[in-house]
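As stored in work.csv (CSV, C-alpha atoms):
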chain,number,residue,atom,x,y,z
A,174,MET,CA,20.1,114.0,159.0
A,175,LYS,CA,22.9,116.4,160.0
A,176,GLN,CA,23.0,119.5,162.0
A,177,HIS,CA,24.2,122.6,160.1
A,178,ARG,CA,25.8,125.8,161.1
A,179,ASN,CA,24.3,128.5,163.2
A,180,SER,CA,21.1,130.1,161.8
A,181,GLU,CA,22.6,133.6,161.9
A,182,VAL,CA,25.5,132.5,159.7
A,183,LEU,CA,23.2,130.7,157.2
A,184,TYR,CA,20.9,133.7,156.7
A,185,GLY,CA,23.7,136.3,157.0
A,186,HIS,CA,22.3,138.2,160.0
A,187,ASN,CA,21.7,137.9,163.7
A,188,LEU,CA,17.9,138.6,163.4
A,189,ILE,CA,16.9,135.1,164.4
A,190,PRO,CA,15.9,134.9,168.1
A,191,GLN,CA,17.9,132.7,170.5
A,192,GLY,CA,16.7,129.1,170.8
A,193,ILE,CA,16.1,128.6,167.1
A,194,ARG,CA,18.5,126.3,165.3
A,195,SER,CA,19.1,125.4,161.7
A,196,ARG,CA,19.3,121.9,160.2
A,197,LEU,CA,19.5,120.2,156.9
A,198,ILE,CA,17.3,117.1,156.6
A,199,GLU,CA,18.4,114.6,153.9
A,200,ASP,CA,16.2,112.4,151.7
A,201,VAL,CA,13.0,114.5,151.9
A,202,ASN,CA,11.2,113.5,148.8
A,203,GLY,CA,14.4,114.0,146.8
A,204,LEU,CA,15.4,117.2,148.6
A,205,LYS,CA,17.9,118.1,151.2
A,206,MET,CA,15.5,120.3,153.2
A,207,HIS,CA,16.6,123.2,155.4
A,208,ILE,CA,14.5,123.8,158.5
A,209,LEU,CA,14.5,126.2,161.3
A,210,GLU,CA,13.2,124.6,164.6
A,211,ALA,CA,12.5,125.7,168.1
A,212,GLY,CA,11.5,123.9,171.3
A,213,TYR,CA,13.5,120.9,170.1
A,214,ASP,CA,14.7,119.8,173.5
A,215,GLY,CA,12.3,117.0,174.6
A,216,ALA,CA,10.5,117.4,171.2
A,217,SER,CA,9.1,113.9,171.4
A,218,ASP,CA,7.0,114.9,174.4
A,219,LYS,CA,5.7,118.1,172.9
A,220,PRO,CA,2.8,119.0,170.5
A,221,CYS,CA,4.3,119.9,167.1
A,222,ILE,CA,3.4,122.7,164.8
A,223,VAL,CA,4.8,123.2,161.2
A,224,MET,CA,4.8,126.6,159.5
A,225,LEU,CA,5.0,127.0,155.7
A,226,HIS,CA,6.1,130.3,154.1
A,227,GLY,CA,5.0,131.9,150.9
A,228,PHE,CA,6.6,134.0,148.1
A,229,PRO,CA,9.0,135.7,148.2
A,230,GLU,CA,9.7,134.5,151.7
A,231,LEU,CA,11.7,131.9,153.7
A,232,ALA,CA,11.4,129.8,156.8
A,233,PHE,CA,13.0,132.9,158.4
A,234,SER,CA,9.7,134.7,157.9
A,235,PHE,CA,8.3,132.8,160.9
A,236,ARG,CA,11.2,133.6,163.3
A,237,HIS,CA,8.9,135.5,165.7
A,238,GLN,CA,6.4,132.7,165.8
A,239,LEU,CA,9.0,130.0,166.2
A,240,ALA,CA,10.3,131.6,169.4
A,241,ALA,CA,6.9,132.4,170.8
A,242,LEU,CA,5.3,129.0,170.3
A,243,ALA,CA,8.4,127.2,171.6
A,244,GLY,CA,8.2,129.4,174.7
A,245,ALA,CA,4.6,128.1,175.2
A,246,GLY,CA,5.7,124.5,175.1
A,247,TYR,CA,5.5,123.5,171.4
A,248,TYR,CA,8.0,121.9,169.1
A,249,VAL,CA,7.9,124.2,166.0
A,250,ILE,CA,9.4,123.5,162.6
A,251,ALA,CA,9.6,125.9,159.6
A,252,PRO,CA,11.1,124.6,156.4
A,253,ASP,CA,12.5,126.4,153.4
A,254,GLN,CA,10.1,124.8,150.9
A,255,ARG,CA,10.9,123.3,147.5
A,256,GLY,CA,12.5,126.0,145.4
A,257,TYR,CA,13.5,128.3,148.2
A,258,GLY,CA,16.3,129.3,150.5
A,259,LEU,CA,18.9,126.7,151.6
A,260,THR,CA,16.8,123.7,150.6
A,261,THR,CA,18.5,121.9,147.6
A,262,GLY,CA,17.7,119.1,145.2
A,263,TRP,CA,15.0,121.0,143.2
A,264,ASP,CA,15.2,121.8,139.5
A,265,GLY,CA,15.7,125.5,139.0
A,266,ASN,CA,15.6,125.6,135.2
A,267,TYR,CA,12.6,127.1,133.4
A,268,ASP,CA,12.6,124.1,131.0
A,269,GLY,CA,13.2,121.6,133.8
A,270,ASP,CA,10.8,119.5,135.9
A,271,VAL,CA,8.1,122.0,136.6
A,272,GLY,CA,5.7,119.2,137.5
A,273,SER,CA,7.8,118.6,140.7
A,274,PHE,CA,6.3,121.9,142.0
A,275,ARG,CA,2.7,120.8,141.6
A,276,MET,CA,0.5,120.8,144.7
A,277,PHE,CA,0.5,117.1,145.3
A,278,ASN,CA,4.3,117.0,145.4
A,279,LEU,CA,4.5,120.0,147.7
A,280,VAL,CA,2.3,118.2,150.1
A,281,GLN,CA,4.4,115.1,149.7
A,282,ASP,CA,7.5,117.2,150.7
A,283,ILE,CA,5.9,118.0,154.1
A,284,VAL,CA,4.7,114.5,154.7
A,285,SER,CA,8.2,113.2,153.9
A,286,LEU,CA,9.8,115.8,156.2
A,287,LEU,CA,7.7,114.6,159.1
A,288,THR,CA,8.5,111.0,158.3
A,289,ARG,CA,12.2,111.8,158.4
A,290,LEU,CA,11.8,113.5,161.7
A,291,GLY,CA,9.9,110.5,163.1
A,292,LEU,CA,6.6,112.3,163.5
A,293,LYS,CA,3.5,110.3,162.7
A,294,SER,CA,1.1,113.3,163.2
A,295,ILE,CA,1.3,116.9,164.4
A,296,SER,CA,-1.0,119.2,166.3
A,297,GLY,CA,-1.2,121.9,163.7
A,298,ILE,CA,0.0,123.3,160.4
A,299,VAL,CA,0.3,127.0,159.5
A,300,GLY,CA,0.6,128.5,156.1
A,301,HIS,CA,1.1,132.0,154.9
A,302,ASP,CA,0.6,133.4,151.4
A,303,PHE,CA,1.4,130.5,149.0
A,304,GLY,CA,2.1,128.4,152.0
A,305,SER,CA,-1.6,128.7,152.9
A,306,PRO,CA,-2.9,126.4,150.1
A,307,VAL,CA,-0.1,123.9,150.7
A,308,ALA,CA,-1.2,123.8,154.4
A,309,ALA,CA,-4.8,123.5,153.4
A,310,TRP,CA,-4.2,120.6,151.0
A,311,CYS,CA,-2.1,118.9,153.7
A,312,SER,CA,-5.1,119.0,156.0
A,313,LEU,CA,-7.6,118.0,153.3
A,314,ILE,CA,-5.6,115.1,152.0
A,315,ARG,CA,-4.1,113.8,155.2
A,316,PRO,CA,-6.2,114.8,158.2
A,317,ASP,CA,-4.8,111.9,160.1
A,318,ILE,CA,-1.4,113.6,160.1
A,319,PHE,CA,-2.4,117.3,160.3
A,320,LYS,CA,-4.8,117.7,163.2
A,321,SER,CA,-5.6,121.5,162.9
A,322,LEU,CA,-4.9,124.3,160.4
A,323,VAL,CA,-4.2,128.0,160.4
A,324,LEU,CA,-4.3,129.9,157.1
A,325,MET,CA,-2.7,133.3,156.8
A,326,SER,CA,-3.5,136.0,154.2
A,327,ALA,CA,-4.7,133.6,151.4
A,328,PRO,CA,-8.2,132.1,151.8
A,329,PHE,CA,-8.7,128.5,150.6
A,330,GLY,CA,-12.0,128.0,148.7
A,331,GLY,CA,-11.8,124.2,148.4
A,332,PRO,CA,-10.7,121.8,145.6
A,333,PRO,CA,-11.1,122.9,142.0
A,334,SER,CA,-14.4,122.0,140.2
A,335,LEU,CA,-14.6,119.3,137.6
A,336,SER,CA,-15.3,121.8,134.9
A,337,GLY,CA,-11.6,122.6,134.5
A,338,SER,CA,-12.3,126.3,133.8
A,339,VAL,CA,-10.5,127.7,136.9
A,340,ASN,CA,-7.0,127.4,138.3
A,341,SER,CA,-6.1,126.1,141.8
A,342,ARG,CA,-6.9,129.5,143.3
A,343,GLY,CA,-10.2,130.0,141.6
A,344,ARG,CA,-9.1,132.3,138.8
A,345,PRO,CA,-10.9,131.6,135.5
A,346,LEU,CA,-8.4,130.4,132.9
A,347,SER,CA,-9.8,132.9,130.4
A,348,MET,CA,-9.0,135.9,132.6
A,349,ASP,CA,-5.7,136.6,130.9
A,350,GLU,CA,-7.4,137.4,127.6
A,351,SER,CA,-10.0,139.6,129.4
A,352,LEU,CA,-7.3,141.6,131.2
A,353,ALA,CA,-5.3,142.0,128.0
A,354,SER,CA,-8.3,143.6,126.3
A,355,LEU,CA,-8.5,146.4,128.9
A,356,LYS,CA,-7.1,149.9,128.1
A,357,PRO,CA,-4.4,150.0,129.2
A,358,ALA,CA,-3.8,146.3,128.8
A,359,ARG,CA,-3.2,144.5,132.1
A,360,ILE,CA,-1.7,141.2,133.2
A,361,HIS,CA,-2.4,139.3,136.4
A,362,TYR,CA,0.7,138.9,138.6
A,363,GLN,CA,0.3,135.0,138.6
A,364,ALA,CA,0.5,135.1,134.8
A,365,TYR,CA,3.5,137.4,134.9
A,366,TYR,CA,5.3,135.2,137.4
A,367,SER,CA,4.7,132.2,135.0
A,368,ARG,CA,6.5,133.9,132.1
A,369,ARG,CA,10.0,132.8,131.0
A,370,TYR,CA,11.4,136.3,131.5
A,371,ALA,CA,10.1,136.8,135.1
A,372,ASN,CA,13.2,135.4,136.9
A,373,GLU,CA,15.6,137.4,134.8
A,374,GLN,CA,13.7,140.6,135.3
A,375,LEU,CA,13.5,140.1,139.0
A,376,LEU,CA,17.2,139.4,139.4
A,377,GLY,CA,18.2,142.1,137.0
A,378,CYS,CA,16.0,144.9,138.4
A,379,ALA,CA,17.7,148.3,137.8
A,380,SER,CA,17.5,149.3,141.5
A,381,GLY,CA,19.1,146.1,142.8
A,382,LEU,CA,17.5,143.3,144.8
A,383,LEU,CA,17.7,145.1,148.1
A,384,GLU,CA,15.7,148.1,146.9
A,385,PHE,CA,13.2,145.8,145.1
A,386,PHE,CA,12.6,143.8,148.3
A,387,LYS,CA,12.2,147.0,150.4
A,388,GLY,CA,9.7,148.3,147.9
A,389,TYR,CA,7.8,145.1,147.4
A,390,TYR,CA,7.4,144.4,151.1
A,391,PHE,CA,6.4,148.0,151.7
A,392,LEU,CA,3.7,148.1,149.0
A,393,LYS,CA,2.0,145.0,150.4
A,394,SER,CA,2.2,146.2,154.0
A,395,ALA,CA,0.0,148.4,156.1
A,396,GLY,CA,2.5,151.2,155.6
A,397,TYR,CA,1.3,151.8,152.1
A,398,SER,CA,-1.6,154.2,152.1
A,399,GLY,CA,-3.1,152.7,149.0
A,400,ASN,CA,-4.0,149.4,150.8
A,401,ARG,CA,-7.6,149.9,151.7
A,402,PRO,CA,-9.0,146.5,150.6
A,403,PHE,CA,-12.7,145.7,149.9
A,404,PRO,CA,-14.5,142.7,148.4
A,405,LEU,CA,-14.6,142.6,144.6
A,406,ALA,CA,-18.0,142.0,143.0
A,407,GLY,CA,-16.7,139.0,141.0
A,408,TRP,CA,-14.3,137.5,138.5
A,409,SER,CA,-14.3,140.1,135.8
A,410,ALA,CA,-11.4,142.1,134.3
A,411,THR,CA,-13.0,145.4,135.3
A,412,GLU,CA,-13.3,144.2,138.9
A,413,LEU,CA,-9.7,142.8,139.1
A,414,ALA,CA,-8.5,146.1,137.6
A,415,LYS,CA,-9.5,147.7,140.9
A,416,LEU,CA,-6.7,145.8,142.7
A,417,PRO,CA,-3.3,147.6,143.2
A,418,ARG,CA,-0.9,147.5,140.3
A,419,TYR,CA,1.3,144.9,142.1
A,420,TYR,CA,-1.6,142.4,141.6
A,421,VAL,CA,-2.8,143.4,138.1
A,422,MET,CA,0.1,145.0,136.3
A,423,ASP,CA,0.4,147.0,133.1
A,424,ILE,CA,1.1,144.3,130.5
A,425,ASP,CA,4.3,145.8,129.2
A,426,THR,CA,5.8,146.5,132.7
A,427,SER,CA,7.9,144.2,134.8
A,428,MET,CA,7.3,143.7,138.5
A,429,PRO,CA,10.4,145.6,139.5
A,430,GLN,CA,9.3,148.5,137.2
A,431,THR,CA,5.8,148.3,138.8
A,432,VAL,CA,7.2,148.5,142.3
A,433,ALA,CA,9.5,151.4,141.4
A,434,SER,CA,6.7,153.4,139.8
A,435,MET,CA,4.6,153.1,143.0
A,436,MET,CA,7.3,154.0,145.4
A,437,GLY,CA,6.5,157.7,145.3
A,438,ASP,CA,3.9,157.0,148.0
A,439,MET,CA,6.5,155.7,150.4
A,440,MET,CA,6.4,158.5,152.9
A,441,LYS,CA,7.8,156.6,155.9
A,442,THR,CA,9.2,153.2,156.2
A,443,PRO,CA,7.5,151.1,158.8
A,444,ASP,CA,9.6,150.4,161.9
A,445,TRP,CA,9.6,146.6,161.3
A,446,LEU,CA,10.8,146.9,157.7
A,447,THR,CA,14.5,147.5,158.4
A,448,GLU,CA,17.3,147.4,155.9
A,449,ASP,CA,19.0,144.5,157.7
A,450,LEU,CA,15.8,142.5,157.4
A,451,MET,CA,15.4,143.1,153.7
A,452,LEU,CA,19.1,142.3,153.1
A,453,VAL,CA,18.4,138.8,154.4
A,454,TYR,CA,15.8,138.2,151.7
A,455,ALA,CA,17.8,140.0,149.0
A,456,SER,CA,21.0,138.1,149.7
A,457,VAL,CA,19.3,134.7,149.8
A,458,TYR,CA,17.4,135.3,146.6
A,459,GLN,CA,20.4,136.7,144.9
A,460,SER,CA,22.0,133.3,145.5
A,461,THR,CA,19.1,131.0,144.6
A,462,GLY,CA,17.2,133.1,142.1
A,463,PHE,CA,13.4,133.2,142.0
A,464,GLN,CA,12.6,130.4,139.5
A,465,GLY,CA,11.9,127.8,142.2
A,466,GLY,CA,9.1,130.0,143.7
A,467,LEU,CA,7.9,131.1,140.3
A,468,ASN,CA,7.4,127.5,139.3
A,469,TRP,CA,4.7,127.2,141.9
A,470,TYR,CA,2.8,129.9,140.0
A,471,ARG,CA,3.3,128.0,136.7
A,472,CYS,CA,1.8,124.9,138.3
A,473,SER,CA,-1.1,126.8,139.8
A,474,ILE,CA,-2.3,128.3,136.5
A,475,SER,CA,-1.8,125.0,134.5
A,476,ALA,CA,-4.9,122.9,134.0
A,477,ALA,CA,-2.8,119.8,133.3
A,478,LEU,CA,-0.8,120.2,136.5
A,479,ASN,CA,-3.9,120.7,138.6
A,480,HIS,CA,-5.9,117.8,137.1
A,481,ASP,CA,-5.1,115.3,139.9
A,482,LEU,CA,-6.6,117.7,142.4
A,483,LYS,CA,-10.0,117.2,140.9
A,484,MET,CA,-10.4,113.8,142.5
A,485,PHE,CA,-11.1,115.8,145.7
A,486,THR,CA,-13.9,117.9,144.2
A,487,GLY,CA,-16.6,118.4,146.9
A,488,ARG,CA,-14.4,117.3,149.7
A,489,LYS,CA,-14.0,119.7,152.7
A,490,ILE,CA,-11.3,120.3,155.3
A,491,GLU,CA,-12.8,118.8,158.5
A,492,VAL,CA,-10.1,119.6,161.1
A,493,PRO,CA,-10.4,122.7,163.2
A,494,ALA,CA,-9.2,125.7,161.2
A,495,ALA,CA,-8.6,129.4,161.5
A,496,PHE,CA,-7.9,132.3,159.2
A,497,ILE,CA,-5.6,135.2,160.1
A,498,ALA,CA,-5.0,138.3,158.0
A,499,GLY,CA,-4.0,141.9,158.3
A,500,GLU,CA,-6.8,144.4,157.8
A,501,ALA,CA,-4.8,146.2,155.1
A,502,ASP,CA,-4.1,143.1,153.1
A,503,TRP,CA,-5.6,142.9,149.6
A,504,GLY,CA,-4.7,139.2,149.7
A,505,ILE,CA,-8.0,138.6,151.6
A,506,HIS,CA,-10.0,139.8,148.6
A,507,GLN,CA,-7.7,139.3,145.5
A,508,SER,CA,-9.6,136.1,144.7
A,509,PRO,CA,-13.3,137.2,144.6
A,510,GLY,CA,-15.6,135.0,146.7
A,511,GLN,CA,-12.8,132.8,148.2
A,512,LEU,CA,-13.3,134.1,151.7
A,513,ASP,CA,-17.0,133.0,151.7
A,514,LYS,CA,-16.1,129.7,149.9
A,515,MET,CA,-13.6,128.9,152.5
A,516,GLN,CA,-16.2,129.0,155.2
A,517,ASN,CA,-19.0,127.4,153.3
A,518,LEU,CA,-17.3,125.0,150.8
A,519,GLY,CA,-13.6,124.7,151.8
A,520,CYS,CA,-13.9,124.0,155.5
A,521,THR,CA,-16.5,122.5,157.9
A,522,ASN,CA,-14.9,124.0,161.1
A,523,MET,CA,-13.4,127.4,160.1
A,524,THR,CA,-13.0,130.4,162.4
A,525,ILE,CA,-12.1,133.7,160.8
A,526,LEU,CA,-10.2,135.6,163.5
A,527,PRO,CA,-10.4,139.4,163.8
A,528,PHE,CA,-8.3,141.0,161.1
A,529,VAL,CA,-5.1,142.3,162.6
A,530,GLU,CA,-4.9,146.1,162.9
A,531,GLN,CA,-2.0,147.9,161.4
A,532,ALA,CA,-0.9,144.9,159.4
A,533,GLY,CA,-0.9,144.1,155.7
A,534,HIS,CA,0.1,141.0,153.8
A,535,TRP,CA,3.2,140.3,155.9
A,536,VAL,CA,1.0,140.0,159.0
A,537,GLN,CA,3.2,137.7,161.0
A,538,GLN,CA,6.2,140.0,160.6
A,539,GLU,CA,4.3,143.3,160.8
A,540,GLN,CA,2.5,142.5,164.0
A,541,PRO,CA,4.2,139.4,165.5
A,542,ASP,CA,2.9,139.8,169.0
A,543,LEU,CA,-0.7,140.0,168.0
A,544,VAL,CA,-0.4,137.1,165.6
A,545,ASN,CA,1.4,135.0,168.2
A,546,ASN,CA,-1.4,135.6,170.6
A,547,LEU,CA,-4.0,134.5,168.0
A,548,LEU,CA,-2.0,131.4,167.3
A,549,LEU,CA,-1.6,130.5,170.9
A,550,GLN,CA,-5.3,131.0,171.6
A,551,PHE,CA,-6.3,128.9,168.7
A,552,PHE,CA,-4.0,126.0,169.4
A,553,ALA,CA,-4.9,126.1,173.1
A,554,ARG,CA,-8.4,125.2,172.1
Just give me the structure as structure tokens.
Amino acid sequence: MKQHRNSEVLYGHNLIPQGIRSRLIEDVNGLKMHILEAGYDGASDKPCIVMLHGFPELAFSFRHQLAALAGAGYYVIAPDQRGYGLTTGWDGNYDGDVGSFRMFNLVQDIVSLLTRLGLKSISGIVGHDFGSPVAAWCSLIRPDIFKSLVLMSAPFGGPPSLSGSVNSRGRPLSMDESLASLKPARIHYQAYYSRRYANEQLLGCASGLLEFFKGYYFLKSAGYSGNRPFPLAGWSATELAKLPRYYVMDIDTSMPQTVASMMGDMMKTPDWLTEDLMLVYASVYQSTGFQGGLNWYRCSISAALNHDLKMFTGRKIEVPAAFIAGEADWGIHQSPGQLDKMQNLGCTNMTILPFVEQAGHWVQQEQPDLVNNLLLQFFAR
């Protein structure tokens, strides 16, 4: 293990609070994994919490939580996960080793990281967006290591059924054909992100990556007036078509084009969504590309790459768990029934905390103080 340069230098800006350092950890399941950590002085005597980002995010996305939890006496770690940021050693080719991004291996990444850090168990694991199912599977497979769980924005409905008719997030495998039969024809964003052309279209968006990130983050935030989520009646194409276009796109339109077409509703940029902040994401993804993160979606919709998860059919997460989401986040309802399944089938000890006001999908960045308080209250229990 070796210490790297200052976090501000690595991410290009001085937006990371004091007391957070950056390191590269070698030999983590074949990766050289980049982490941000806080509360590292005397870490061996402190309860530890690990925080897992989603797409298109970075360890940087938890900068506010790292500082707050460390201030409350925790040792906190946020890695750039496989395929992201400053972590290296992963295959970024579309025709490369996509299986290395399957859920089992993502869990192994986190277990290996803790082993390299000399941690036999930790007090809690937190996951946001696509980091949420990774955190959930960590707790389901290795409850001896991960003692409690917080999921953000993406409910976990439990392991896939033996029927093999749904993906790892509960979406029927036949849904792509049903959406394509609508008029106009539509495509689910997970299917779009799994296409060969997705990385090229994202990197080559006409407006440039900075404008794309500003638009994408705005549209999924509480600042976008179109985000008034409600439960969908079920898994049907007509119900999914009620989701915003950034979830169920026109089939002949790229994600950058979809974002650009919706930006007419951007009346006022939220205070938290600054150009400096978006430039951090844009500059990092310009360097790494999107394919690493996109490979997660390819694995999630592949029956073959989810087959090994079926050995856990019927098993529930038994450690104490909580769910945090913004009240303006469609991610709560984008997978119909998952919120109920999480409480009844996914977890035995789940608390859905009050939805955070004036927050959308990027809840921990939109309302960091409120989220920090919820986390501290949960872990204090």
Inset, instruction - Name the closest residue to Phe233 (chain A) among the candidates A:Gln374, A:Ser195, A:Thr288, A:Ser294; distances are taken between atoms, counting all atoms listed in the file. - result: A:Ser195
Inset, instruction - Between A:Lys205, A:Lys514, A:His226, A:Lys219, single out the one closest to Tyr248 (chain A), counting all atoms listed in the file. - result: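 Ranked by minimum distance to Tyr248 (chain A), first place goes to A:Lys219.
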Legend entry - Residue nearest Gly487 (chain A) - candidates A:Leu518, A:Leu188, A:Ile505, A:Cys378, atoms counted: all atoms listed in the file: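 With all atoms listed in the file as the atom set, the closest residue is A:Leu518.
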Legend entry - From A:Gly465, A:Gly388, A:Gly499, A:Gly377, residue lying nearest Glu448 (chain A) [only C-alpha atoms]: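 Of A:Gly465, A:Gly388, A:Gly499, A:Gly377, the one nearest Glu448 (chain A) is A:Gly388, counting only C-alpha atoms.
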Legend entry - Protein/DNA/RNA residues near (15.1, 119.3, 174.0), cut 12 Å, only C-alpha atoms, as an NGL selection string: :A and (192-194 or 210-219 or 243 or 246-249)
Inset, instruction - Calculate how many Å separate CA of Ala532 (chain A) from CA of Asp502 (chain A), rounding to one decimal. - result: 7.3 Å
Show me, as a PDB file with C-alpha atoms, in the coordinates of the input, the residues that have an atom within 10 Å of Gly519 (chain A) when counting all atoms listed in the file, minus same-chain residues fewer than 5 positions from it.
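Saved as around-v2.pdb:
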ATOM      1  CA  ALA A 309      -4.800 123.500 153.400  1.00  0.00           C
ATOM      2  CA  LEU A 313      -7.600 118.000 153.300  1.00  0.00           C
ATOM      3  CA  PRO A 328      -8.200 132.100 151.800  1.00  0.00           C
ATOM      4  CA  PHE A 329      -8.700 128.500 150.600  1.00  0.00           C
ATOM      5  CA  GLY A 330     -12.000 128.000 148.700  1.00  0.00           C
ATOM      6  CA  GLY A 331     -11.800 124.200 148.400  1.00  0.00           C
ATOM      7  CA  PRO A 332     -10.700 121.800 145.600  1.00  0.00           C
ATOM      8  CA  GLY A 487     -16.600 118.400 146.900  1.00  0.00           C
ATOM      9  CA  ARG A 488     -14.400 117.300 149.700  1.00  0.00           C
ATOM     10  CA  LYS A 489     -14.000 119.700 152.700  1.00  0.00           C
ATOM     11  CA  ILE A 490     -11.300 120.300 155.300  1.00  0.00           C
ATOM     12  CA  GLU A 491     -12.800 118.800 158.500  1.00  0.00           C
ATOM     13  CA  GLN A 511     -12.800 132.800 148.200  1.00  0.00           C
ATOM     14  CA  LEU A 512     -13.300 134.100 151.700  1.00  0.00           C
ATOM     15  CA  ASP A 513     -17.000 133.000 151.700  1.00  0.00           C
ATOM     16  CA  LYS A 514     -16.100 129.700 149.900  1.00  0.00           C
TER      17      LYS A 514
END
Using only C-alpha atoms, give me every residue within 12 Å of (4.6, 144.4, 169.3) in file coordinates, as a CSV table (one decimal) with C-alpha atoms, keeping the file's coordinate frame.
chain,number,residue,atom,x,y,z
A,237,HIS,CA,8.9,135.5,165.7
A,444,ASP,CA,9.6,150.4,161.9
A,445,TRP,CA,9.6,146.6,161.3
A,529,VAL,CA,-5.1,142.3,162.6
A,530,GLU,CA,-4.9,146.1,162.9
A,531,GLN,CA,-2.0,147.9,161.4
A,532,ALA,CA,-0.9,144.9,159.4
A,536,VAL,CA,1.0,140.0,159.0
A,537,GLN,CA,3.2,137.7,161.0
A,538,GLN,CA,6.2,140.0,160.6
A,539,GLU,CA,4.3,143.3,160.8
A,540,GLN,CA,2.5,142.5,164.0
A,541,PRO,CA,4.2,139.4,165.5
A,542,ASP,CA,2.9,139.8,169.0
A,543,LEU,CA,-0.7,140.0,168.0
A,544,VAL,CA,-0.4,137.1,165.6
A,545,ASN,CA,1.4,135.0,168.2
A,546,ASN,CA,-1.4,135.6,170.6
Return as CSV the residues of region 452-541 of chain A lying at most 8 Å from region 343-365 of chain A, together with the closest atom-to-atom pair for each and the distance in Å to one decimal, counting only C-alpha atoms, with rows in chain order and ascending residue number.
residue,atom,partner,partner_atom,distance
A:Tyr470,CA,A:Gln363,CA,5.8
A:Arg471,CA,A:Gln363,CA,7.8
A:Ile474,CA,A:Leu346,CA,7.4
A:Ser508,CA,A:Gly343,CA,6.9
A:Gln511,CA,A:Gly343,CA,7.6
Using all atoms listed in the file, which protein or nucleic acid residues come within 10 Å of region 276-278 of chain A? Drop anything in the same chain fewer than 4 positions from it, and give the result as a PDB file with C-alpha atoms, keeping the file's coordinate frame.
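Dumped to result.pdb:
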ATOM      1  CA  ASN A 202      11.200 113.500 148.800  1.00  0.00           C
ATOM      2  CA  ARG A 255      10.900 123.300 147.500  1.00  0.00           C
ATOM      3  CA  GLY A 272       5.700 119.200 137.500  1.00  0.00           C
ATOM      4  CA  ASP A 282       7.500 117.200 150.700  1.00  0.00           C
ATOM      5  CA  ILE A 283       5.900 118.000 154.100  1.00  0.00           C
ATOM      6  CA  VAL A 284       4.700 114.500 154.700  1.00  0.00           C
ATOM      7  CA  PRO A 306      -2.900 126.400 150.100  1.00  0.00           C
ATOM      8  CA  VAL A 307      -0.100 123.900 150.700  1.00  0.00           C
ATOM      9  CA  TRP A 310      -4.200 120.600 151.000  1.00  0.00           C
ATOM     10  CA  CYS A 311      -2.100 118.900 153.700  1.00  0.00           C
ATOM     11  CA  ILE A 314      -5.600 115.100 152.000  1.00  0.00           C
ATOM     12  CA  SER A 341      -6.100 126.100 141.800  1.00  0.00           C
ATOM     13  CA  TRP A 469       4.700 127.200 141.900  1.00  0.00           C
ATOM     14  CA  CYS A 472       1.800 124.900 138.300  1.00  0.00           C
ATOM     15  CA  SER A 473      -1.100 126.800 139.800  1.00  0.00           C
ATOM     16  CA  LEU A 478      -0.800 120.200 136.500  1.00  0.00           C
ATOM     17  CA  ASN A 479      -3.900 120.700 138.600  1.00  0.00           C
ATOM     18  CA  ASP A 481      -5.100 115.300 139.900  1.00  0.00           C
ATOM     19  CA  LEU A 482      -6.600 117.700 142.400  1.00  0.00           C
TER      20      LEU A 482
END
Legend entry - Contact residues around Leu375 (chain A) with only C-alpha atoms at 8 Å, ignoring same-chain residues under 5 positions, as a VMD selection string: chain A and resid 382 428 to 429 463
Inset, instruction - Rank A:Leu467, A:Pro316, A:Tyr389, A:Asp270 by their smallest atom-to-atom distance to Ser367 (chain A), using all atoms listed in the file, and report the top residue only. - result: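 The answer is A:Leu467, which sits nearest to Ser367 (chain A).
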Inset, instruction - Show which residues sit within 12 Å of Ala433 (chain A), as a list in words. Count only C-alpha atoms, and ignore same-chain residues fewer than 2 positions away. - result: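 Skipping anything fewer than 2 positions along the chain leaves Cys378, Ala379, Ser380, Gly381, Leu382, Glu384, Phe385, Phe386, Lys387, Gly388, Tyr389, Phe391, Leu392, Arg418, Tyr419, Thr426, Ser427, Met428, Pro429, Gln430, Thr431, Met435, Met436, Gly437, Asp438 and Met439 of chain A.
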Legend entry - For CA of Ala240 (chain A) and CA of Leu549 (chain A), the interatomic separation in Å (one decimal):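 CA of Leu549 (chain A) lies 12.0 Å from CA of Ala240 (chain A).
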Inset, instruction - Quick one: pull the distance between CA of Pro252 (chain A) and CA of His207 (chain A), Å, one decimal. - result: 5.8 Å
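Residues in contact range of Leu335 (chain A), defined as at most 10 Å between all atoms listed in the file, with sequence neighbours fewer than 5 positions away removed, read His480, Leu482, Lys483, Met484, Phe485, Thr486 and Gly487 of chain A.
The residue that comes closest to Ile525 (chain A), out of A:Ala410, A:Pro443, A:Ile189, A:Ala327 and on the basis of all atoms listed in the file, is A:Ala327.
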